[in-house]
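Peer 1: Please find structure_14.txt (compact mmCIF, C-alpha atoms) on the next line:
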# COMPACT_ATOMS: atom_id res chain seq x y z
CA MET A 24 0.00 0.00 0.00
CA SER A 25 1.38 3.42 -0.95
CA VAL A 26 2.03 6.12 1.66
CA LEU A 27 -0.87 8.10 0.16
CA ALA A 28 -3.22 5.12 0.35
CA SER A 29 -2.12 4.44 3.93
CA SER A 30 -2.78 8.02 4.98
CA MET A 31 -6.17 7.95 3.25
CA ALA A 32 -7.06 4.73 5.02
CA VAL A 33 -6.25 6.33 8.37
CA ALA A 34 -8.22 9.47 7.52
CA SER A 35 -11.16 7.45 6.24
CA SER A 36 -11.30 5.37 9.40
CA MET A 37 -11.74 8.62 11.31
CA THR A 38 -14.44 9.99 8.97
CA GLY A 39 -16.27 6.80 8.02
CA VAL A 40 -15.57 7.41 4.30
CA THR A 41 -13.84 4.66 2.33
CA CYS A 42 -10.86 5.97 0.32
CA ASP A 43 -8.22 4.34 -1.82
CA GLY A 44 -5.55 6.07 -3.80
CA THR A 45 -2.69 6.10 -6.24
CA ALA A 46 0.31 8.42 -6.13
CA VAL A 47 2.78 8.89 -8.98
CA ARG A 48 5.84 11.13 -8.81
CA GLY A 49 8.27 11.61 -11.66
CA ARG A 50 10.65 13.75 -13.65
CA PHE A 51 10.03 14.35 -17.32
CA GLU A 52 12.53 12.72 -19.68
CA SER A 53 12.98 13.58 -23.36
CA ALA A 54 11.05 11.39 -25.80
CA ALA A 55 14.04 11.76 -28.13
CA GLY A 56 15.88 9.21 -25.99
CA GLY A 57 13.46 6.55 -27.22
CA GLY A 58 13.15 4.86 -23.83
CA THR A 59 10.12 4.05 -21.72
CA TYR A 60 9.74 6.58 -18.92
CA GLN A 61 7.34 7.35 -16.08
CA ALA A 62 7.01 10.87 -17.54
CA VAL A 63 7.99 11.95 -21.04
CA THR A 64 8.21 15.38 -22.69
CA PHE A 65 7.68 16.05 -26.39
CA ASP A 66 8.31 19.83 -26.10
CA ALA A 67 11.41 20.75 -24.10
CA LYS A 68 10.58 24.48 -24.13
CA ALA A 69 7.14 24.07 -22.53
CA VAL A 70 7.94 21.02 -20.37
CA PRO A 71 11.73 20.82 -19.91
CA ALA A 72 13.44 17.52 -19.22
CA GLY A 73 13.96 17.33 -15.47
CA SER A 74 10.76 19.21 -14.60
CA ARG A 75 8.67 17.34 -12.05
CA VAL A 76 5.14 15.98 -11.84
CA VAL A 77 2.94 14.48 -9.13
CA VAL A 78 -0.44 12.86 -9.83
CA LEU A 79 -2.65 11.81 -6.92
CA GLU A 80 -5.83 9.78 -7.32
CA SER A 81 -8.27 9.20 -4.50
CA THR A 82 -11.54 7.34 -4.67
CA HIS A 83 -14.37 7.54 -2.23
CA ARG A 84 -18.03 6.62 -2.04
CA ASP A 85 -19.10 9.46 -4.40
CA GLY A 86 -16.43 9.21 -7.10
CA THR A 87 -12.83 10.05 -7.91
CA GLU A 88 -10.57 13.02 -7.29
CA ILE A 89 -7.41 13.62 -9.31
CA GLU A 90 -4.77 16.17 -8.33
CA LEU A 91 -1.99 17.25 -10.68
CA ARG A 92 1.08 19.18 -9.47
CA LEU A 93 3.87 20.36 -11.77
CA HIS A 94 7.19 22.10 -11.12
CA GLY A 95 9.63 23.67 -13.56
CA LEU A 96 7.46 24.09 -16.66
CA GLN A 97 7.39 27.18 -18.88
CA PRO A 98 6.44 30.08 -16.58
CA ASP A 99 3.25 32.16 -16.84
CA ARG A 100 1.51 29.86 -19.31
CA THR A 101 -1.87 28.13 -19.42
CA PHE A 102 -1.90 24.43 -20.27
CA GLY A 103 -4.66 21.88 -20.78
CA ALA A 104 -4.40 18.46 -19.16
CA HIS A 105 -6.59 15.35 -19.31
CA VAL A 106 -6.65 11.70 -18.32
CA HIS A 107 -6.03 9.56 -21.42
CA GLN A 108 -6.85 5.92 -22.19
CA LYS A 109 -3.42 4.49 -22.99
CA PRO A 110 0.05 4.73 -21.48
CA CYS A 111 2.62 7.24 -22.71
CA GLY A 112 4.92 6.19 -25.50
CA THR A 113 7.66 7.70 -27.62
CA LYS A 114 5.12 9.55 -29.79
CA PRO A 115 2.51 12.05 -28.56
CA ALA A 116 -0.44 10.07 -30.02
CA ASP A 117 0.54 6.84 -28.20
CA SER A 118 -1.60 7.80 -25.17
CA GLY A 119 -4.82 7.49 -27.17
CA ALA A 120 -8.01 9.48 -26.64
CA HIS A 121 -9.37 11.10 -23.49
CA TYR A 122 -10.87 8.74 -20.96
CA GLN A 123 -14.67 9.20 -20.96
CA ASP A 124 -17.10 7.79 -18.42
CA VAL A 125 -19.79 7.59 -21.11
CA VAL A 126 -17.92 6.96 -24.35
CA ASP A 127 -18.83 9.07 -27.38
CA PRO A 128 -19.58 6.64 -30.24
CA LYS A 129 -17.86 9.11 -32.61
CA GLN A 130 -14.11 9.34 -31.98
CA PRO A 131 -12.22 11.55 -31.67
CA SER A 132 -14.87 13.12 -29.49
CA ALA A 133 -15.60 16.84 -29.98
CA ASP A 134 -19.26 16.79 -28.92
CA PRO A 135 -19.84 18.81 -25.72
CA GLU A 136 -22.38 16.16 -24.63
CA TYR A 137 -19.44 13.77 -24.15
CA ALA A 138 -16.33 16.00 -24.14
CA ASN A 139 -16.95 17.94 -20.94
CA PRO A 140 -15.44 18.11 -17.43
CA ASP A 141 -18.23 15.95 -15.95
CA ASN A 142 -17.62 13.03 -18.35
CA GLU A 143 -13.84 13.41 -18.65
CA VAL A 144 -11.10 14.50 -16.24
CA TRP A 145 -9.95 18.04 -17.14
CA LEU A 146 -6.97 19.41 -15.21
CA ASP A 147 -6.20 22.72 -16.95
CA PHE A 148 -3.73 24.91 -15.05
CA THR A 149 -1.65 28.09 -15.33
CA THR A 150 1.95 28.13 -14.19
CA ASP A 151 3.31 30.87 -11.98
CA GLY A 152 6.51 32.88 -12.59
CA ARG A 153 8.60 29.88 -11.49
CA GLY A 154 6.82 27.41 -13.77
CA ASN A 155 4.80 25.72 -11.02
CA GLY A 156 1.13 24.85 -11.41
CA SER A 157 -1.57 22.56 -10.10
CA ALA A 158 -5.14 21.48 -10.72
CA THR A 159 -7.73 19.25 -9.10
CA SER A 160 -10.74 17.55 -10.68
CA SER A 161 -13.52 15.71 -8.86
CA VAL A 162 -15.84 13.48 -10.87
CA ASP A 163 -18.76 11.30 -9.83
CA PHE A 164 -17.45 8.18 -11.58
CA PHE A 165 -14.73 5.57 -11.17
CA PHE A 166 -12.24 4.52 -13.85
CA ARG A 167 -12.90 1.22 -15.58
CA ALA A 168 -9.99 -1.19 -15.00
CA GLY A 169 -7.20 -0.73 -17.53
CA GLU A 170 -8.97 2.05 -19.47
CA ALA A 171 -7.28 5.11 -17.91
CA ARG A 172 -3.48 4.93 -18.08
CA SER A 173 -1.98 8.45 -18.30
CA VAL A 174 -2.27 12.21 -17.90
CA VAL A 175 -1.36 14.29 -20.95
CA ILE A 176 -0.29 17.95 -20.79
CA HIS A 177 -1.59 19.97 -23.79
CA GLU A 178 -0.55 23.27 -25.36
CA HIS A 179 -3.54 25.41 -24.28
CA ALA A 180 -6.70 25.45 -22.17
CA THR A 181 -9.46 23.02 -23.10
CA GLU A 182 -12.07 24.26 -25.54
CA THR A 183 -15.78 23.77 -24.86
CA GLY A 184 -17.70 24.70 -28.05
CA PRO A 185 -19.41 22.27 -30.43
CA GLY A 186 -16.94 20.66 -32.85
CA HIS A 187 -14.02 21.69 -30.62
CA ALA A 188 -15.09 20.46 -27.17
CA GLY A 189 -12.28 18.74 -25.31
CA MET A 190 -9.56 19.96 -27.66
CA ALA A 191 -6.50 21.57 -26.10
CA GLY A 192 -3.90 21.56 -28.87
CA ALA A 193 -0.72 19.59 -29.24
CA ARG A 194 0.37 16.99 -26.69
CA LEU A 195 3.41 18.44 -24.95
CA ALA A 196 4.10 15.80 -22.28
CA CYS A 197 2.67 12.65 -20.73
CA VAL A 198 2.90 10.85 -17.38
CA ASN A 199 1.99 7.17 -16.87
CA VAL A 200 -0.52 6.61 -14.07
CA PRO A 201 -2.11 3.23 -13.16
CA PHE A 202 -5.57 4.67 -12.45
CA GLY A 203 -8.24 2.60 -10.76
Let me see the structure of the file written as structure tokens.

Peer 2:
Amino acid sequence: MSVLASSMAVASSMTGVTCDGTAVRGRFESAAGGGTYQAVTFDAKAVPAGSRVVVLESTHRDGTEIELRLHGLQPDRTFGAHVHQKPCGTKPADSGAHYQDVVDPKQPSADPEYANPDNEVWLDFTTDGRGNGSATSSVDFFFRAGEARSVVIHEHATETGPGHAGMAGARLACVNVPFG
């Protein structure tokens, strides 16, 4: 059991709420190296190699909460971030589409009925002058086993309009997370 899960178990025993969790910590490595990494960057200007990431997942009776913390990214910039279906690879597209609780039959999904922060996990954030940022998302669903495997950092905030819903530009970096 991870330290996070242990602390949640202690807290939940005091509150009567059942909690489980996952914690992933990593440093971004360059995809150019061709290796398999916990966290990989595809854009060294926006997400420099060596910058750090923490992803925390906690589940409870009412759903799931995901927290994303980043350190050392490009300062004073807004990024999009989402949970994706597949693990990170050496190419930005390797992480697949966004995880959706109710899956849009038309992929890639750009329909606001499916591509929205209630049906997906959106973690958009803005970095401060030192390149640090964070976001938290709470959803009323649980990840299906093996169907949510990473968090992808995108080039801009997530769009919400019809035909563009869920889009946030190029995939700049990715971190592997064994959700669920």

Peer 1: Edge lengths and centre in Å to one decimal, as lines of an AutoDock Vina configuration file, of the axis-aligned box that encloses all listed atoms of region 197-201 of chain A with 8 Å added on every side?

Peer 2:
center_x = 0.4
center_y = 7.9
center_z = -16.9
size_x = 21.0
size_y = 25.4
size_z = 23.6

Peer 1: Go through A:Val47, A:Ala191, A:Val175, A:Val144 one by one, measure the shortest atom-to-atom distance of each to Ser118 (chain A) using all atoms listed in the file, and give the residue with the smallest value.

Peer 2: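 Among the listed residues, the smallest separation from Ser118 (chain A) belongs to A:Val175.
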
Peer 1: Which value, in Å to one decimal, gives the distance between CA of Ala196 (chain A) and CA of Val78 (chain A)?

Peer 2: 13.6 Å

Peer 1: Sorted by chain and rising residue number, which residues of region 139-178 of chain A lie within 10 Å of region 96-113 of chain A, and what are their closest atom pairs and distances in Å to one decimal, counting only C-alpha atoms, as a Markdown table?

Peer 2:
| residue | atom | partner | partner_atom | distance |
| --- | --- | --- | --- | --- |
| A:Pro140 | CA | A:His105 | CA | 9.5 |
| A:Glu143 | CA | A:Val106 | CA | 7.4 |
| A:Val144 | CA | A:His105 | CA | 5.5 |
| A:Trp145 | CA | A:His105 | CA | 4.8 |
| A:Leu146 | CA | A:Ala104 | CA | 4.8 |
| A:Asp147 | CA | A:Gly103 | CA | 4.2 |
| A:Phe148 | CA | A:Phe102 | CA | 5.6 |
| A:Thr149 | CA | A:Thr101 | CA | 4.1 |
| A:Thr150 | CA | A:Asp99 | CA | 5.0 |
| A:Asp151 | CA | A:Asp99 | CA | 5.0 |
| A:Gly152 | CA | A:Pro98 | CA | 4.9 |
| A:Arg153 | CA | A:Pro98 | CA | 5.5 |
| A:Gly154 | CA | A:Pro98 | CA | 3.9 |
| A:Asn155 | CA | A:Leu96 | CA | 6.4 |
| A:Gly156 | CA | A:Leu96 | CA | 8.3 |
| A:Ala158 | CA | A:Ala104 | CA | 9.0 |
| A:Ser160 | CA | A:His105 | CA | 9.8 |
| A:Gly169 | CA | A:Gln108 | CA | 8.1 |
| A:Glu170 | CA | A:Gln108 | CA | 5.2 |
| A:Ala171 | CA | A:Gln108 | CA | 4.4 |
| A:Arg172 | CA | A:Pro110 | CA | 4.9 |
| A:Ser173 | CA | A:His107 | CA | 5.2 |
| A:Val174 | CA | A:Val106 | CA | 4.4 |
| A:Val175 | CA | A:Ala104 | CA | 5.5 |
| A:Ile176 | CA | A:Ala104 | CA | 4.5 |
| A:His177 | CA | A:Gly103 | CA | 4.7 |
| A:Glu178 | CA | A:Phe102 | CA | 5.4 |

Peer 1: Expressed in Å to a single decimal, how great is the separation between CA of Gly44 (chain A) and CA of Glu80 (chain A)?

Peer 2: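 Here the two named atoms are 5.1 Å from each other.
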
Peer 1: Pick from A:Gly186, A:Ala62, A:Thr181, A:Pro201: nearest to Lys129 (chain A), with only C-alpha atoms counted?

Peer 2: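 Ranked by minimum distance to Lys129 (chain A), first place goes to A:Gly186.
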
Peer 1: Given the choices A:Cys197, A:Val162, A:Ala180, A:Ala188, which gets closest to Thr87 (chain A) if the distance is worked out from all atoms listed in the file?

Peer 2: A:Val162

Peer 1: Quick one: of A:Met190, A:Asn199, A:Glu52, A:Val77, who's nearest to Arg92 (chain A), counting all atoms listed in the file?

Peer 2: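 Distance minimum relative to Arg92 (chain A) lands on A:Val77.
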
Peer 1: Rounded to one decimal in Å, what is the spacing between CA of Phe165 (chain A) and CA of Arg75 (chain A)?

Peer 2: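 Result for CA of Phe165 (chain A) versus CA of Arg75 (chain A): 26.2 Å, one decimal.
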
Peer 1: Which is closest to Ser53 (chain A) among A:Thr183, A:Gln123, A:Ser74, A:Ser157, if we use all atoms listed in the file?

Peer 2: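 With all atoms listed in the file as the atom set, the closest residue is A:Ser74.
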
Peer 1: Of the residues A:Asn142, A:Gly119, A:Arg194, A:His187, which is the one nearest to Ala67 (chain A), using all atoms listed in the file?

Peer 2: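 Result for the nearest residue to Ala67 (chain A): A:Arg194.
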
Peer 1: For Ala55 (chain A), work out the shell of residues within 10 Å, counting only C-alpha atoms and skipping chain neighbours fewer than 3 positions away, then give it as a PyMOL selection string.

Peer 2: chain A and resi 52+58+63-65+113-114
